[in-house]
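Colleague: Contents of run.cif (mmCIF, C-alpha atoms):
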```cif
data_protein
#
loop_
_atom_site.label_atom_id
_atom_site.label_comp_id
_atom_site.auth_asym_id
_atom_site.auth_seq_id
_atom_site.Cartn_x
_atom_site.Cartn_y
_atom_site.Cartn_z
CA MET A 1 -4.49 -34.03 9.31
CA ASN A 2 -2.20 -34.99 12.13
CA THR A 3 -0.73 -32.92 14.96
CA ASN A 4 2.35 -31.98 12.96
CA ASP A 5 0.26 -30.52 10.16
CA ILE A 6 -1.79 -28.42 12.58
CA LEU A 7 1.40 -27.19 14.27
CA LEU A 8 2.86 -26.25 10.88
CA ALA A 9 -0.32 -24.41 9.91
CA VAL A 10 -0.29 -22.43 13.16
CA LEU A 11 3.39 -21.65 12.66
CA VAL A 12 2.69 -20.33 9.16
CA LEU A 13 -0.31 -18.30 10.32
CA ILE A 14 1.75 -16.61 13.05
CA GLY A 15 5.18 -16.56 11.42
CA ALA A 16 4.29 -15.33 7.93
CA PRO A 17 2.94 -11.90 8.95
CA ILE A 18 5.99 -11.35 11.20
CA ILE A 19 8.35 -12.13 8.30
CA GLY A 20 6.23 -10.05 5.93
CA CYS A 21 6.18 -7.14 8.37
CA ILE A 22 9.97 -7.16 8.69
CA ALA A 23 10.33 -7.51 4.90
CA SER A 24 8.08 -4.49 4.46
CA GLY A 25 10.12 -2.57 7.04
CA ILE A 26 13.36 -3.46 5.26
CA ASP A 27 11.79 -2.25 2.02
CA ARG A 28 11.00 1.16 3.52
CA LYS A 29 14.40 1.39 5.20
CA ILE A 30 16.32 0.56 2.00
CA THR A 31 14.15 2.94 -0.01
CA ALA A 32 14.89 5.72 2.48
CA ARG A 33 18.64 5.01 2.44
CA LEU A 34 18.68 5.02 -1.37
CA GLN A 35 17.02 8.45 -1.26
CA GLY A 36 19.55 9.72 1.28
CA ARG A 37 17.09 9.77 4.18
CA VAL A 38 17.25 8.16 7.61
CA GLY A 39 13.98 6.37 7.13
CA PRO A 40 11.39 4.99 9.54
CA PRO A 41 12.18 2.34 12.18
CA LEU A 42 12.29 -1.27 11.02
CA LEU A 43 9.01 -2.08 12.75
CA GLN A 44 7.15 0.88 11.22
CA PRO A 45 4.70 -1.37 9.28
CA TYR A 46 3.76 -2.98 12.60
CA TYR A 47 3.09 0.43 14.18
CA ASP A 48 1.03 1.40 11.14
CA VAL A 49 -1.14 -1.72 11.35
CA LYS A 50 -1.55 -1.30 15.12
CA LYS A 51 -2.64 2.29 14.63
CA LEU A 52 -5.03 1.44 11.79
CA LEU A 53 -6.67 -1.24 13.94
CA SER A 54 -7.32 1.32 16.70
CA LYS A 55 -9.07 3.75 14.36
CA ASP A 56 -12.73 3.92 13.45
CA ASN A 57 -13.85 1.85 10.49
CA MET A 58 -15.26 4.15 7.84
CA VAL A 59 -16.60 2.50 4.69
CA VAL A 60 -18.73 3.61 1.79
CA ASN A 61 -20.78 0.42 1.83
CA PRO A 62 -20.69 -2.59 4.18
CA SER A 63 -19.75 -5.03 1.41
CA GLN A 64 -16.25 -3.49 1.43
CA ASN A 65 -15.63 -5.17 4.80
CA PHE A 66 -16.57 -8.50 3.25
CA TYR A 67 -14.20 -8.09 0.31
CA VAL A 68 -11.15 -7.32 2.47
CA VAL A 69 -11.84 -10.43 4.55
CA VAL A 70 -12.15 -12.51 1.36
CA TYR A 71 -8.83 -11.03 0.20
CA LEU A 72 -7.10 -11.94 3.46
CA VAL A 73 -8.62 -15.44 3.70
CA PHE A 74 -7.72 -16.42 0.15
CA ILE A 75 -4.17 -15.10 0.42
CA VAL A 76 -3.70 -17.10 3.63
CA LEU A 77 -5.30 -20.12 1.97
CA SER A 78 -2.96 -19.97 -1.03
CA LEU A 79 0.04 -19.65 1.29
CA LEU A 80 -1.14 -22.65 3.33
CA MET A 81 -1.67 -24.67 0.15
CA LEU A 82 1.87 -23.79 -0.92
CA VAL A 83 3.28 -24.89 2.44
CA PHE A 84 1.30 -28.15 2.35
CA LYS A 85 2.58 -28.92 -1.19
CA GLN A 86 -0.82 -28.89 -2.86
CA ASP A 87 -1.76 -28.66 -6.52
CA PHE A 88 0.10 -25.70 -8.07
CA LEU A 89 -2.63 -24.91 -10.60
CA MET A 90 -5.16 -24.75 -7.79
CA ILE A 91 -2.89 -22.42 -5.80
CA ILE A 92 -2.82 -20.01 -8.74
CA PHE A 93 -6.62 -20.06 -9.00
CA VAL A 94 -7.07 -19.47 -5.26
CA TYR A 95 -4.56 -16.64 -5.41
CA THR A 96 -6.43 -15.06 -8.34
CA VAL A 97 -9.66 -15.09 -6.31
CA ALA A 98 -7.85 -13.05 -3.65
CA SER A 99 -6.76 -10.46 -6.24
CA LEU A 100 -10.29 -10.33 -7.66
CA ALA A 101 -11.75 -9.66 -4.20
CA LEU A 102 -9.65 -6.51 -3.89
CA ILE A 103 -10.68 -5.40 -7.39
CA VAL A 104 -14.39 -5.92 -6.69
CA GLY A 105 -13.95 -4.15 -3.35
CA GLY A 106 -12.41 -1.17 -5.11
CA MET A 107 -15.11 -1.16 -7.79
CA SER A 108 -17.93 -1.35 -5.23
CA THR A 109 -17.05 2.05 -3.73
CA GLY A 110 -17.79 4.11 -6.82
CA SER A 111 -14.86 6.40 -6.12
CA PRO A 112 -13.14 7.37 -9.39
CA TYR A 113 -9.66 6.73 -7.97
CA ALA A 114 -10.63 3.27 -6.72
CA ARG A 115 -12.23 2.50 -10.09
CA VAL A 116 -9.17 3.56 -12.07
CA GLY A 117 -6.97 1.52 -9.74
CA SER A 118 -9.23 -1.52 -10.07
CA SER A 119 -9.31 -1.41 -13.85
CA ARG A 120 -5.53 -1.11 -13.92
CA GLU A 121 -5.25 -4.09 -11.57
CA ILE A 122 -7.38 -6.10 -14.02
CA MET A 123 -4.81 -5.20 -16.69
CA ALA A 124 -2.05 -6.37 -14.33
CA ILE A 125 -3.82 -9.73 -13.86
CA LEU A 126 -4.19 -9.95 -17.63
CA SER A 127 -0.44 -9.52 -18.01
CA TYR A 128 0.94 -11.82 -15.33
CA GLU A 129 -1.58 -14.67 -15.34
CA PRO A 130 -0.37 -16.34 -18.59
CA VAL A 131 3.19 -16.41 -17.24
CA LEU A 132 2.00 -18.03 -14.00
CA ILE A 133 0.05 -20.65 -15.95
CA LEU A 134 3.15 -21.40 -18.06
CA TYR A 135 5.11 -21.73 -14.81
CA ALA A 136 2.59 -24.35 -13.69
CA LEU A 137 2.91 -26.05 -17.08
CA ALA A 138 6.69 -26.18 -16.69
CA ILE A 139 6.26 -27.89 -13.33
CA TYR A 140 3.91 -30.38 -14.99
CA LEU A 141 6.33 -31.13 -17.84
CA LEU A 142 9.23 -31.57 -15.43
CA THR A 143 7.51 -33.80 -12.88
CA GLY A 144 4.44 -35.23 -14.61
CA THR A 145 2.13 -33.76 -11.97
CA PHE A 146 0.88 -30.36 -10.78
CA LYS A 147 1.41 -31.43 -7.17
CA LEU A 148 4.27 -29.58 -5.55
CA THR A 149 5.41 -32.68 -3.65
CA ALA A 150 7.42 -33.76 -6.70
CA VAL A 151 9.22 -30.39 -6.95
CA LEU A 152 9.97 -30.19 -3.25
CA ASP A 153 11.17 -33.79 -2.97
CA ALA A 154 13.40 -33.63 -6.05
CA SER A 155 17.16 -33.70 -5.52
CA SER A 156 18.06 -31.28 -8.35
CA PRO A 157 16.94 -27.64 -8.57
CA MET A 158 14.26 -26.65 -11.05
CA LEU A 159 16.17 -23.46 -11.99
CA MET A 160 18.53 -25.55 -14.15
CA TYR A 161 15.70 -26.32 -16.57
CA THR A 162 13.58 -23.18 -16.26
CA PRO A 163 15.94 -20.16 -16.30
CA LEU A 164 13.78 -18.15 -18.70
CA ILE A 165 10.63 -18.71 -16.66
CA PHE A 166 12.61 -17.55 -13.62
CA ILE A 167 13.37 -14.24 -15.35
CA ALA A 168 9.68 -13.90 -16.27
CA MET A 169 8.70 -14.67 -12.66
CA ILE A 170 10.91 -11.83 -11.37
CA VAL A 171 8.84 -9.41 -13.47
CA VAL A 172 5.63 -11.08 -12.27
CA LEU A 173 6.86 -10.58 -8.70
CA ASN A 174 7.41 -6.92 -9.53
CA ILE A 175 3.88 -6.59 -10.91
CA LYS A 176 2.28 -8.48 -8.01
CA LEU A 177 4.10 -6.58 -5.27
CA LYS A 178 2.88 -3.40 -6.99
CA LYS A 179 6.35 -1.93 -7.13
CA SER A 180 7.54 0.68 -9.58
CA PRO A 181 7.51 0.61 -12.66
CA PHE A 182 4.25 -1.33 -12.31
CA ASP A 183 2.82 0.42 -9.23
CA TYR A 184 -0.19 1.99 -10.91
CA SER A 185 -3.09 0.05 -9.36
CA THR A 186 -2.18 1.12 -5.85
CA SER A 187 0.97 2.67 -4.54
CA HIS A 188 2.62 3.33 -1.20
CA HIS A 189 3.04 6.95 -2.18
CA GLY A 190 -0.39 8.38 -1.66
CA HIS A 191 0.14 11.98 -2.76
CA GLN A 192 -0.02 11.22 -6.46
CA GLU A 193 -2.50 11.48 -9.27
CA LEU A 194 -3.98 8.11 -8.36
CA VAL A 195 -4.20 8.88 -4.59
CA LYS A 196 -4.19 5.28 -3.28
CA GLY A 197 -5.74 3.51 -6.25
CA MET A 198 -7.83 0.48 -5.31
CA THR A 199 -7.41 1.06 -1.58
CA THR A 200 -8.44 4.73 -1.61
CA GLU A 201 -11.78 4.13 0.12
CA TYR A 202 -10.47 1.85 2.85
CA GLY A 203 -9.56 3.22 6.24
CA GLY A 204 -8.86 1.98 9.74
CA PRO A 205 -9.30 -1.77 10.37
CA GLY A 206 -10.25 -2.46 6.74
CA PHE A 207 -6.98 -1.04 5.49
CA ALA A 208 -5.12 -2.82 8.29
CA THR A 209 -6.55 -6.11 6.99
CA ILE A 210 -5.23 -5.31 3.53
CA GLU A 211 -1.80 -4.54 5.01
CA ILE A 212 -1.76 -7.85 6.92
CA ALA A 213 -2.78 -9.67 3.74
CA HIS A 214 0.14 -7.94 2.00
CA PHE A 215 2.48 -9.38 4.65
CA TYR A 216 1.21 -12.87 3.83
CA GLU A 217 1.50 -12.06 0.13
CA TYR A 218 5.19 -11.13 0.49
CA VAL A 219 5.88 -14.59 1.94
CA PHE A 220 3.71 -16.33 -0.65
CA LEU A 221 5.35 -14.63 -3.63
CA THR A 222 8.89 -15.23 -2.39
CA GLY A 223 7.71 -18.81 -1.83
CA LEU A 224 7.03 -19.06 -5.56
CA ILE A 225 10.65 -18.01 -6.18
CA PHE A 226 11.82 -20.47 -3.50
CA LEU A 227 10.35 -23.34 -5.56
CA PHE A 228 13.03 -22.78 -8.20
CA TRP A 229 15.69 -24.12 -5.83
CA ALA A 230 13.61 -26.19 -3.42
CA SER A 231 16.14 -29.05 -3.38
CA ASN A 232 18.36 -27.01 -1.07
CA PRO A 233 16.14 -24.88 1.24
CA ILE A 234 18.98 -22.52 2.22
CA ILE A 235 19.77 -21.62 -1.39
CA GLY A 236 16.02 -21.44 -2.09
CA VAL A 237 15.46 -18.92 0.71
CA LEU A 238 18.52 -16.95 -0.42
CA LEU A 239 17.10 -16.89 -3.95
CA GLY A 240 13.83 -15.51 -2.60
CA ILE A 241 15.61 -12.83 -0.55
CA ILE A 242 17.81 -11.80 -3.51
CA ALA A 243 14.74 -11.57 -5.77
CA TYR A 244 12.97 -9.42 -3.16
CA LEU A 245 15.97 -7.08 -2.76
CA LEU A 246 16.23 -6.83 -6.54
CA ILE A 247 12.57 -5.77 -6.70
CA ILE A 248 13.24 -3.04 -4.09
CA VAL A 249 16.18 -1.71 -6.13
CA ILE A 250 14.13 -1.78 -9.34
CA ASP A 251 11.36 0.01 -7.44
CA ASN A 252 13.75 2.84 -6.61
CA ILE A 253 15.49 3.27 -9.95
CA THR A 254 12.45 3.26 -12.22
CA ALA A 255 9.45 5.50 -12.76
CA ARG A 256 5.89 4.38 -13.33
CA VAL A 257 5.03 3.30 -16.89
CA TYR A 258 1.77 3.20 -18.81
CA TRP A 259 -0.20 0.01 -18.36
CA GLN A 260 -0.02 -0.51 -22.14
CA TRP A 261 3.75 -0.73 -21.80
CA MET A 262 3.47 -3.49 -19.22
CA LEU A 263 0.92 -5.40 -21.28
CA LYS A 264 3.22 -5.24 -24.31
CA LEU A 265 6.20 -6.35 -22.23
CA SER A 266 4.44 -9.33 -20.71
CA TRP A 267 2.53 -10.47 -23.79
CA SER A 268 5.58 -10.21 -26.04
CA VAL A 269 8.86 -10.67 -24.17
CA LEU A 270 7.75 -12.59 -21.07
CA LEU A 271 5.31 -14.84 -22.89
CA ILE A 272 7.81 -15.62 -25.67
CA ILE A 273 10.69 -16.49 -23.34
CA SER A 274 8.32 -18.63 -21.25
CA ILE A 275 7.07 -20.46 -24.35
CA VAL A 276 10.67 -20.99 -25.54
CA ASN A 277 11.42 -22.52 -22.16
CA ILE A 278 8.32 -24.71 -22.32
CA ALA A 279 9.23 -25.81 -25.87
CA PHE A 280 12.69 -26.78 -24.67
CA LEU A 281 11.20 -28.84 -21.84
CA TYR A 282 8.70 -30.48 -24.20
CA VAL A 283 11.22 -31.31 -26.93
CA SER A 284 14.06 -32.47 -24.68
CA GLY A 285 11.72 -34.33 -22.37
CA VAL A 286 13.86 -33.76 -19.27
CA GLN A 287 12.47 -34.91 -15.94
CA LEU A 288 13.20 -33.47 -12.52
CA ALA A 289 15.02 -36.23 -10.65
CA MET B 1 1.30 4.91 21.96
CA SER B 2 0.38 3.35 18.64
CA LEU B 3 -1.13 6.53 17.23
CA ALA B 4 1.91 8.66 18.01
CA LYS B 5 4.24 6.30 16.19
CA SER B 6 2.60 6.45 12.80
CA PRO B 7 0.81 9.73 12.17
CA TRP B 8 -0.39 9.89 8.58
CA ILE B 9 -1.18 13.36 7.35
CA ILE B 10 -3.45 14.64 4.65
CA HIS B 11 -2.41 17.97 3.24
CA VAL B 12 -5.30 20.22 2.28
CA ASN B 13 -4.70 23.41 0.36
CA VAL B 14 -7.62 25.81 0.75
CA ASN B 15 -6.79 28.91 -1.23
CA SER B 16 -3.16 29.00 -0.14
CA CYS B 17 -0.52 30.97 -2.04
CA ASN B 18 1.63 27.79 -2.22
CA GLY B 19 4.26 29.22 0.15
CA CYS B 20 3.15 27.01 3.05
CA ASP B 21 2.61 24.05 0.72
CA ILE B 22 6.22 24.17 -0.39
CA GLU B 23 7.29 24.20 3.26
CA VAL B 24 5.02 21.23 4.04
CA VAL B 25 6.54 19.29 1.15
CA ALA B 26 10.02 20.34 2.33
CA CYS B 27 9.35 18.34 5.54
CA LEU B 28 9.41 15.16 3.44
CA THR B 29 12.74 15.90 1.77
CA PRO B 30 15.94 14.15 2.88
CA LEU B 31 17.00 17.22 4.88
CA TYR B 32 14.05 17.06 7.32
CA ASP B 33 12.77 13.52 6.56
CA ALA B 34 9.46 13.44 8.41
CA GLU B 35 9.15 9.72 7.61
CA ARG B 36 11.67 8.88 10.34
CA PHE B 37 8.83 9.64 12.80
CA GLY B 38 6.49 7.48 10.73
CA VAL B 39 4.85 10.51 9.12
CA LEU B 40 3.45 9.72 5.70
CA ASN B 41 1.78 12.17 3.36
CA ILE B 42 -1.24 10.09 2.51
CA GLY B 43 -3.52 11.32 -0.24
CA THR B 44 -6.83 9.98 1.00
CA PRO B 45 -8.74 11.31 4.03
CA LYS B 46 -9.99 7.80 4.86
CA GLN B 47 -6.51 6.75 6.03
CA ALA B 48 -5.35 10.04 7.56
CA ASP B 49 -4.93 10.99 11.21
CA ILE B 50 -3.75 14.58 10.98
CA MET B 51 -5.26 17.12 8.65
CA VAL B 52 -2.72 19.77 7.69
CA VAL B 53 -4.57 22.80 6.32
CA THR B 54 -2.86 25.70 4.58
CA GLY B 55 -4.46 28.91 3.36
CA SER B 56 -7.48 30.99 4.30
CA VAL B 57 -10.92 29.53 3.69
CA ASN B 58 -13.16 31.16 1.11
CA TYR B 59 -16.71 30.52 -0.03
CA LYS B 60 -15.58 28.48 -2.99
CA ASN B 61 -13.72 25.78 -1.07
CA VAL B 62 -15.40 25.77 2.34
CA ASN B 63 -17.49 22.73 1.44
CA VAL B 64 -14.46 20.82 0.17
CA LEU B 65 -12.75 21.44 3.50
CA LYS B 66 -15.81 20.31 5.50
CA ASN B 67 -16.22 17.25 3.29
CA LEU B 68 -12.61 16.19 3.77
CA TYR B 69 -12.87 16.77 7.53
CA ASN B 70 -15.99 14.59 7.74
CA GLN B 71 -14.29 11.77 5.84
CA ILE B 72 -11.37 11.37 8.27
CA PRO B 73 -12.07 8.54 10.73
CA ASP B 74 -11.79 9.34 14.47
CA PRO B 75 -9.55 10.06 16.30
CA LYS B 76 -8.42 12.98 14.16
CA VAL B 77 -6.55 16.23 14.65
CA VAL B 78 -6.54 19.41 12.56
CA LEU B 79 -3.33 21.38 12.23
CA ALA B 80 -3.57 24.89 10.78
CA VAL B 81 -0.28 25.78 9.11
CA GLY B 82 0.59 29.38 8.35
CA ALA B 83 -0.84 32.78 9.16
CA CYS B 84 -3.69 32.44 6.65
CA ALA B 85 -4.91 29.12 8.02
CA SER B 86 -4.63 30.38 11.61
CA THR B 87 -6.37 33.75 11.30
CA GLY B 88 -6.98 34.59 7.67
CA GLY B 89 -3.65 36.39 7.43
CA ILE B 90 -3.32 39.30 5.06
CA PHE B 91 -6.47 38.14 3.29
CA HIS B 92 -8.63 38.34 6.44
CA ASN B 93 -10.83 41.19 5.17
CA CYS B 94 -11.10 40.14 1.56
CA TYR B 95 -14.67 40.06 0.26
CA ASN B 96 -14.54 36.32 -0.46
CA VAL B 97 -12.58 35.11 2.57
CA ILE B 98 -14.33 33.54 5.57
CA GLY B 99 -11.20 33.69 7.73
CA GLY B 100 -9.04 31.13 9.49
CA VAL B 101 -9.74 27.42 9.33
CA ASP B 102 -11.14 27.51 12.88
CA GLN B 103 -14.15 29.47 11.57
CA VAL B 104 -15.27 26.31 9.77
CA ILE B 105 -13.88 23.21 11.49
CA PRO B 106 -12.40 22.70 15.00
CA VAL B 107 -8.62 23.27 14.93
CA ASP B 108 -6.38 21.58 17.52
CA ALA B 109 -3.00 23.18 16.85
CA TYR B 110 -1.73 26.26 15.04
CA VAL B 111 1.61 26.81 13.34
CA PRO B 112 2.01 30.58 12.85
CA GLY B 113 4.34 32.18 10.33
CA CYS B 114 4.30 33.43 6.77
CA CYS B 115 5.44 31.01 5.80
CA PRO B 116 6.43 28.76 8.73
CA ARG B 117 9.75 26.95 8.56
CA PRO B 118 9.71 23.14 8.11
CA GLU B 119 11.04 22.77 11.67
CA ALA B 120 8.00 24.67 12.94
CA ILE B 121 5.63 22.44 10.94
CA LEU B 122 7.30 19.29 12.29
CA ASP B 123 7.00 20.81 15.76
CA GLY B 124 3.30 21.37 15.12
CA VAL B 125 2.84 17.74 14.02
CA VAL B 126 4.60 16.55 17.18
CA ALA B 127 2.35 18.79 19.27
CA ALA B 128 -0.67 17.34 17.47
CA LEU B 129 0.43 13.81 18.35
CA SER B 130 -0.19 14.24 22.10
CA ILE B 131 -3.61 15.72 21.32
CA LEU B 132 -4.29 12.69 19.11
CA GLU B 133 -3.38 10.34 21.98
CA GLU B 134 -5.62 12.28 24.38
CA LYS B 135 -8.52 12.07 21.96
CA LYS B 136 -8.02 8.33 21.67
CA LYS B 137 -7.88 7.93 25.44
CA GLY B 138 -10.92 10.11 26.09
CA ASN B 139 -12.75 8.63 23.10
CA ILE B 140 -13.41 12.16 21.81
CA LYS B 141 -15.08 12.12 18.41
CA GLY B 142 -14.99 14.96 15.92
CA LYS B 143 -18.49 16.23 15.26
CA GLU B 144 -19.76 16.02 11.73
CA VAL B 145 -19.66 19.47 10.17
CA LYS B 146 -22.77 20.21 8.15
CA LEU B 147 -22.32 21.28 4.56
CA LYS B 148 -23.90 24.55 3.45
CA GLY B 149 -24.33 26.22 0.11
CA SER B 150 -21.16 27.85 -1.19
CA GLU B 151 -22.92 31.10 -2.16
CA VAL B 152 -21.62 34.37 -0.76
CA PRO B 153 -23.90 35.58 2.07
CA SER B 154 -25.64 38.94 1.62
CA ASN B 155 -23.75 40.63 4.46
CA ALA B 156 -20.33 39.85 2.98
#
```
Could you render the structure from this file as C-alpha cells?

Modeller:
Amino acid sequence: MNTNDILLAVLVLIGAPIIGCIASGIDRKITARLQGRVGPPLLQPYYDVKKLLSKDNMVVNPSQNFYVVVYLVFIVLSLLMLVFKQDFLMIIFVYTVASLALIVGGMSTGSPYARVGSSREIMAILSYEPVLILYALAIYLLTGTFKLTAVLDASSPMLMYTPLIFIAMIVVLNIKLKKSPFDYSTSHHGHQELVKGMTTEYGGPGFATIEIAHFYEYVFLTGLIFLFWASNPIIGVLLGIIAYLLIIVIDNITARVYWQWMLKLSWSVLLIISIVNIAFLYVSGVQLA
Amino acid sequence: MSLAKSPWIIHVNVNSCNGCDIEVVACLTPLYDAERFGVLNIGTPKQADIMVVTGSVNYKNVNVLKNLYNQIPDPKVVLAVGACASTGGIFHNCYNVIGGVDQVIPVDAYVPGCCPRPEAILDGVVAALSILEEKKKGNIKGKEVKLKGSEVPSNA
C-alpha cells in the first residue's frame, strides 16, 4: 500500500457513487422519454437518497440493518478489488456474498413479498453464476492466471477471443441490474403484484444504503464489461456505456417473464454459447498478448 | 428541501368506488407525469412519505388503514382525495361507514371533488409537500393509532 493506492481507493469510494447516481438518473430520464413523459431531473436519485437518509429508520428486526451494511461493504469491496486488479474468481465470490446479504435480509423480515422476492433472487443467482464462472475460466485460459493484471496489461482486447461470453455477459448484466424482463426479485415500479420484492421491508436510511450500494453496483457491473476491451480504456468505457444503454432500452421494450423462462434461457442458451467459447479457447490455445 | 424534491406516495383504497383511483393513476400518465416532480407511486408504506387515501372508511377496512398509517416512517403526511375520503361523501350515513378518513387517522390536506381532477390531486400533493417540510423542521411525529376490533358497534 503506497500513497497512490490510497488516493485511488478514495477516488473510487467518492467517484463511483457519483457516476452511479448519474447513470441511474439517465436511466430514469431515458425511460421517461421513451414513454413520452418529461421525466424527473437528472439528479433525482440523489434527491431520493438524501430524503431517505433524513427519514426515520423503521425495521422489522434489527438484523436488517446489519444485512444492508454487509451488502454495501461487499459491493464496495468487490469494486475495489476490481480496480486494484485482484483475483477475478475472488471478486465473483465477494460479489456473491453481497447478493446473499440482501437475500438473507429480505428473508429475515418474514414479509411474504420480501420472501417471494428473495427466493426469486436465489433463482437469479442460480442462472447467472455459471456464466460468471465461465467468464473467469475464459480469463484463465487466455492469460494463464485469474489475476486481472494480465488482462489489463495486455495489448490486444479480450473481446476478439470471447465474443460469445460477451453476449452472455450482457444478459447477466440485465439480470444483475434487475431490469425488465428479469426484474422480478425487486423492481423500481413499486405498485405491482410484488410491491418492492426483497426491499419491501426497508425504509429510510436502510433503503438509502441499498440505493447507494446500487450506485456502486452500476459501476462494478459496467467494469466487468470494460474488461472486454481493457487494452484501450476509451473503447472499454464506451463499451460499458453502450451495454448500459442497451440494457435500458431492453428494460423498456420487454415485459417481465417467469423465472422459469430465465432459468431455461441461461442454462441452455447462455451456458452453451459460453461453453462453445471456452472450448474454442481450450482447443486453439490462444493467449492474450 | 430534500423531502419536497422526492415525495413518494402510497395509494390506499379504502372502500372507494374506483373513480378517484383512476384519477390518481391518471396523474402518472404521460399527460400529467407526476414523476417530473419526483413523485413515485411506491407500493410499500415503509418507503412512503405521503399517504393518498381514497374512499370512505368502513368497519371492514379501518384496521388496514390504521396499520398502513402506523407503518409509514416519520415525517409523513396524509392526503384525503375525493369527497368520500374527506367527509364520507354520499355514503356518510350508510350503516357500515365510519365517515371520512379524518375520523380514524389525522389528515393534513383534503382534495374535494367527486371525483377530483388529476390537476387537483397534483395540487393537493404540492400542498402536502410544505406540510411535510414543516413536520421535518418541527420534528413532529405522527402518533401511533391503536388498532381496535373491526366489529360493528352496537349504536351503529

Colleague: If the PyMOL selection byres ((chain A) within 12 of (chain B)) were run on this exact file, what residues would it hold? Put them as a PyMOL selection string.

Modeller: chain A and resi 25+28-29+31-60+111+113-114+186-208

Colleague: Could you tell me which of A:Val172, A:Asn61, A:Leu141, A:Ser99 comes closest to Val283 (chain A) if we count all atoms listed in the file?

Modeller: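 Checking each of A:Val172, A:Asn61, A:Leu141, A:Ser99 against Val283 (chain A), counting all atoms listed in the file, the winner is A:Leu141.
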
Colleague: Which is closest to Pro163 (chain A) among A:Gln287, A:Ser24, A:Asn4, A:Asn277, if we use only C-alpha atoms?

Modeller: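 For Pro163 (chain A), the nearest of the given residues is A:Asn277.
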
Colleague: Pick out the residues sitting within 12 Å of Ile90 (chain B), and hand them over as JSON, numbers by chain; count only C-alpha atoms, and ignore anything fewer than 4 positions along from it in its own chain.

Modeller: {"B": [16, 17, 55, 56, 82, 83, 84, 85, 86, 94, 97, 99, 100, 113, 114]}

Colleague: Residue by residue, what does the PyMOL selection byres ((chain B and resi 14) around 8) grab here? Present the result as a list in words.

Modeller: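 When the PyMOL selection byres ((chain B and resi 14) around 8) is applied to the shown file, the picked residues are Val12, Asn13, Asn15, Ser16, Val53, Thr54, Gly55, Ser56, Val57, Asn58, Asn61, Val62 and Leu65 of chain B.
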
Colleague: What's the separation between CA of Pro106 (chain B) and CA of Val52 (chain B), in Å to one decimal place?

Modeller: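 Computed distance, CA of Pro106 (chain B) to CA of Val52 (chain B), equals 12.5 Å.
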
Colleague: Run the PyMOL selection byres ((chain A and resi 160) around 12) against the file shown and list the residues it catches, as a ChimeraX atom specification.

Modeller: /A:142,155-159,161-166,228-231,277,281,286-289

Colleague: Could you list, as an MDAnalysis selection string, every residue within 9 Å of Gln260 (chain A), counting all atoms listed in the file and ignoring same-chain residues fewer than 4 positions away?

Modeller: chainID A and resid 123 264:265

Colleague: So which one's closest to Ile121 (chain B), B:Asn18, B:Phe91, B:Ala80, B:Lys66? Using all atoms listed in the file, please.

Modeller: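 Closest to Ile121 (chain B) of all the choices is B:Ala80.
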
Colleague: Measure the distance from CA of Val76 (chain A) to CA of Phe215 (chain A) in Å and round it to one decimal.

Modeller: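 Value for the CA of Val76 (chain A)-CA of Phe215 (chain A) distance: 9.9 Å.
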
Colleague: Kindly give the distance, in Å, that separates CA of Ala109 (chain B) and CA of Val81 (chain B), rounded to a single decimal.

Modeller: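 Taking CA of Ala109 (chain B) and CA of Val81 (chain B), their separation equals 8.6 Å.
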
Colleague: Find the residue from B:Tyr110, B:Ile9, B:Cys115, B:Ile105 that sits nearest to Glu23 (chain B); use all atoms listed in the file when measuring.

Modeller: B:Cys115

Colleague: For Phe220 (chain A), work out the shell of residues within 10 Å, counting all atoms listed in the file and skipping chain neighbours fewer than 2 positions away, then give it as a PyMOL selection string.

Modeller: chain A and resi 16+20+75-76+78-83+95+214-218+222-226

Colleague: Find the residue from B:His92, B:Cys27, B:Val104, B:Val111 that sits nearest to Lys143 (chain B); use only C-alpha atoms when measuring.

Modeller: B:Val104
